[in-house]
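Take a look at the structure set out below.
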Amino acid sequence: MRRLEGRVVAVLGAASGIGAATARRLAEEGAAVVIGDVNLQGAQAVAASIAEQGGRCSALACDIADEDAVRAFMHAVAEAHGGLDGLHVNAADMRALQSDTDALDVPLEIFDRTLAVNLRGHLLCTRHALPLMLPRGGGAIVYTSSGAADFGEGTRLSYAVSKSGLHALMRHVATRWGKEGIRANAIAPGLVITEQLRDHFPEEAREATLALTRSRRLGEPEDIAAMVAMLMSDDGAWITGQVIGVDGGAMLR
Ligand SMILES: NC(=O)c1ccc[n+]([C@@H]2O[C@H](COP(=O)([O-])OP(=O)(O)OC[C@H]3O[C@@H](n4cnc5c(N)ncnc54)[C@H](O)[C@@H]3O)[C@@H](O)[C@H]2O)c1
């Protein structure tokens with residue numbers, strides 16, 4: 001399918017995992033894709049592999065926790081492409097997640113860092129992308145959330161708070177700029193076996209997670225990429241303000 005022909009899309013957090021698969025899928029659908037990531041080397045490798053397949057993709061260094069970096073990234077997108085039609089904010093600080101415990105125990109620097117990237121960073125991307133989208137009559141914004149926002153777990157407090165906050169940000173954006181053509185949605189993935197998790201996620205934990213789904217398998221990055229592509233395309237034209245679970249039926253809403 002080439003549903004994004006002629007569109008310009010930015011993916012923040014796409015050097016690996018879900019973001020990399022999404023950048024690939026959006027380019028396959030015809031979009032000119034710009035990747036921003038703290039891991040510039042990884043982002044450049046993804047962009048090069050997309051270009052090898054005939055897609056249009058470039059990569060820039062961008063730490064979404066740093067407003068100057070986000071501003072510079074969006075400026076570069078505007079210089080190169082004249083505007084923006086789609087924004088996928090996907091980055092999260094997955095290292096902080098390893099020390100993210102409970103309300104009594106979590107180091108406050110882990111809480112602050114998690115919110116700085118996973119929530120404030122998403123606000124910064126939104127704030128600096130909207131002025132590139134509104135003059136084109138609107139566009140689609142997709143945030144990567146997580147089922148963790150709604151699971152009510154006894155651990156991963158900061159992560160759950162950041163992802164819940166993302167839902168509020170998304171609903172705000174959908175409401176505030178809906179009549180100006182902006183659609184905003186969040187995808188809440190279940191367990192997605194990325195290249196990192198493939199080697200480090202214990203088999204028993206995989207089995208236990210799979211047992212909680214209504215599916216015969218766990219998620220692949222391409223499952224999330226497919227939903228982002230749909231939401232970015234005209235097939236998603238009447239979908240906005242939603243948290244969409246892509247999780248093999250782990251959560252039934
Ligand atoms: N894999 C899963 O099972 C799963 C489940 C639910 C939600 N998610 C969400 O999906 C998203 C992607 O996760 P993933 O599993 O693909 O992990 P990943 O680590 O492969 O991807 C995260 C990307 O974000 C980048 N990044 C991190 N901090 C950044 C920053 N400050 N600025 C810019 N880029 C930054 C990383 O370099 C990396 O390229 C995250 O938002 C995560 O919370 C993942």
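Every chain in the structure tokens takes a letter, A first, then B, and so on in the order presented; its residues are numbered from 1, and the ligands are numbered from 1 following the presented order.
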
What are the closest atom pairs, with distances in Å to one decimal, for each residue of chain A lying within 6 Å of ligand 1, using only C-alpha atoms and all ligand atoms, rows by chain and rising residue number, as CSV?
residue,atom,partner,partner_atom_place_in_ligand_line,distance
A:Leu12,CA,ligand 1,34 (N),5.9
A:Gly13,CA,ligand 1,24 (O),3.5
A:Ala14,CA,ligand 1,39 (O),4.6
A:Ala15,CA,ligand 1,39 (O),3.7
A:Ser16,CA,ligand 1,20 (O),4.2
A:Gly17,CA,ligand 1,16 (O),3.4
A:Ile18,CA,ligand 1,16 (O),3.8
A:Gly19,CA,ligand 1,16 (O),5.8
A:Asp37,CA,ligand 1,34 (N),3.9
A:Val38,CA,ligand 1,33 (C),4.6
A:Asn39,CA,ligand 1,37 (O),4.8
A:Cys62,CA,ligand 1,33 (C),5.4
A:Asp63,CA,ligand 1,32 (N),3.5
A:Ile64,CA,ligand 1,32 (N),4.0
A:Ala65,CA,ligand 1,31 (N),5.1
A:Asn90,CA,ligand 1,41 (O),4.6
A:Ala91,CA,ligand 1,24 (O),3.7
A:Ala92,CA,ligand 1,41 (O),4.3
A:Asp93,CA,ligand 1,28 (N),4.6
A:Met94,CA,ligand 1,19 (O),5.7
A:Val117,CA,ligand 1,31 (N),5.2
A:Thr144,CA,ligand 1,41 (O),4.9
A:Ser145,CA,ligand 1,7 (C),5.6
A:Ser146,CA,ligand 1,7 (C),4.0
A:Pro189,CA,ligand 1,6 (C),4.4
A:Gly190,CA,ligand 1,5 (C),5.0
A:Leu191,CA,ligand 1,3 (O),3.6
A:Val192,CA,ligand 1,3 (O),3.6
A:Ile193,CA,ligand 1,1 (N),5.9
A:Thr194,CA,ligand 1,1 (N),5.7

Save the residues we just selected, N, CA and C atoms, as a short mmCIF file (atom, residue, chain, number, x, y, z; two decimals), in the first residue's frame?
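As a result, out07.cif now contains:
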data_model
loop_
_atom_site.label_atom_id
_atom_site.label_comp_id
_atom_site.auth_asym_id
_atom_site.auth_seq_id
_atom_site.Cartn_x
_atom_site.Cartn_y
_atom_site.Cartn_z
N LEU A 12 10.24 10.16 16.09
CA LEU A 12 11.21 10.44 17.16
C LEU A 12 11.38 9.19 18.00
N GLY A 13 12.60 8.66 18.02
CA GLY A 13 12.87 7.40 18.72
C GLY A 13 12.71 6.25 17.75
N ALA A 14 13.62 6.17 16.77
CA ALA A 14 13.44 5.17 15.70
C ALA A 14 14.76 4.51 15.30
N ALA A 15 15.72 4.50 16.24
CA ALA A 15 17.00 3.83 15.94
C ALA A 15 16.88 2.32 16.11
N SER A 16 15.82 1.89 16.77
CA SER A 16 15.65 0.44 17.02
C SER A 16 14.17 0.17 17.28
N GLY A 17 13.86 -1.10 17.45
CA GLY A 17 12.55 -1.52 17.94
C GLY A 17 11.36 -1.03 17.13
N ILE A 18 10.34 -0.60 17.85
CA ILE A 18 9.06 -0.21 17.25
C ILE A 18 9.24 0.98 16.30
N GLY A 19 10.04 1.95 16.73
CA GLY A 19 10.23 3.15 15.89
C GLY A 19 10.92 2.83 14.58
N ASP A 37 16.75 10.77 16.87
CA ASP A 37 17.05 9.83 17.96
C ASP A 37 18.34 10.26 18.66
N VAL A 38 18.44 9.94 19.94
CA VAL A 38 19.71 10.18 20.64
C VAL A 38 20.81 9.25 20.09
N ASN A 39 20.41 8.13 19.60
CA ASN A 39 21.34 7.16 19.00
C ASN A 39 21.46 7.47 17.51
N CYS A 62 18.66 13.81 17.89
CA CYS A 62 17.68 14.61 18.66
C CYS A 62 17.39 13.93 19.99
N ASP A 63 17.61 14.67 21.07
CA ASP A 63 17.21 14.21 22.40
C ASP A 63 15.90 14.93 22.72
N ILE A 64 14.81 14.17 22.79
CA ILE A 64 13.51 14.85 22.94
C ILE A 64 13.34 15.48 24.32
N ALA A 65 14.24 15.19 25.25
CA ALA A 65 14.18 15.86 26.57
C ALA A 65 14.77 17.26 26.52
N ASN A 90 7.70 8.39 19.70
CA ASN A 90 7.79 6.99 20.14
C ASN A 90 8.84 6.78 21.22
N ALA A 91 9.72 7.77 21.41
CA ALA A 91 10.86 7.58 22.31
C ALA A 91 10.41 7.44 23.76
N ALA A 92 11.10 6.57 24.47
CA ALA A 92 10.93 6.45 25.92
C ALA A 92 12.28 6.07 26.49
N ASP A 93 12.53 6.47 27.73
CA ASP A 93 13.80 6.11 28.36
C ASP A 93 13.67 4.70 28.94
N MET A 94 14.08 3.72 28.17
CA MET A 94 13.90 2.33 28.58
C MET A 94 14.94 1.91 29.63
N VAL A 117 11.51 12.52 29.54
CA VAL A 117 11.56 11.96 28.18
C VAL A 117 10.15 11.55 27.72
N THR A 144 3.39 6.85 21.19
CA THR A 144 3.43 5.46 21.68
C THR A 144 3.27 5.46 23.18
N SER A 145 2.16 4.89 23.62
CA SER A 145 1.91 4.74 25.05
C SER A 145 2.28 3.31 25.45
N SER A 146 1.53 2.73 26.35
CA SER A 146 1.78 1.35 26.78
C SER A 146 0.56 0.87 27.55
N PRO A 189 0.79 -0.43 23.09
CA PRO A 189 1.19 -1.80 22.75
C PRO A 189 1.19 -2.70 23.97
N GLY A 190 0.95 -3.98 23.72
CA GLY A 190 1.26 -5.00 24.72
C GLY A 190 2.73 -5.36 24.58
N LEU A 191 3.11 -6.54 25.05
CA LEU A 191 4.53 -6.92 24.96
C LEU A 191 4.92 -7.15 23.50
N VAL A 192 5.87 -6.34 23.06
CA VAL A 192 6.36 -6.41 21.67
C VAL A 192 7.80 -6.89 21.72
N ILE A 193 8.07 -7.99 21.06
CA ILE A 193 9.41 -8.57 21.11
C ILE A 193 10.31 -7.85 20.09
N THR A 194 10.99 -6.84 20.59
CA THR A 194 11.95 -6.10 19.78
C THR A 194 13.28 -6.87 19.79
#

* To do: Within 8 Å of segment 162-173 of chain A, counting only C-alpha atoms, which residues show up once you throw out same-chain ones fewer than 4 positions away? Write them as a list in words, please.
  =>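 Close residues of segment 162-173 of chain A: Thr114, Leu115, Asn118, Leu119, His122, Leu123, Tyr143, Ser145, Ser146, Ala148, Ala149, Asp150, Ser158, Trp177, Gly178, Ile182, Arg183, Ala184, Asn185, Ala186, Gly241, Gln242 and Val243 of chain A.
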
* So how many Å separate atom CA of Val142 of chain A and atom CA of Ala103 of chain A, to one decimal? ->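 For atom CA of Val142 of chain A relative to atom CA of Ala103 of chain A, the distance reads 29.1 Å.
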
* **Contacts of segment 52-55 of chain A at 12 Å (only C-alpha atoms; same-chain gap of 6+ positions) as a PyMOL selection string** => chain A and resi 2+4-5+23-34+45-46

* To do: Just give me the gap between atom CA of Glu109 of chain A and atom CA of Leu124 of chain A in Å, one decimal is fine.
  =>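 About the pair atom CA of Glu109 of chain A and atom CA of Leu124 of chain A: they are 19.9 Å apart.
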
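Taking atom CA of Arg71 of chain A and atom CA of His128 of chain A as the two end points, the separation is 6.0 Å.
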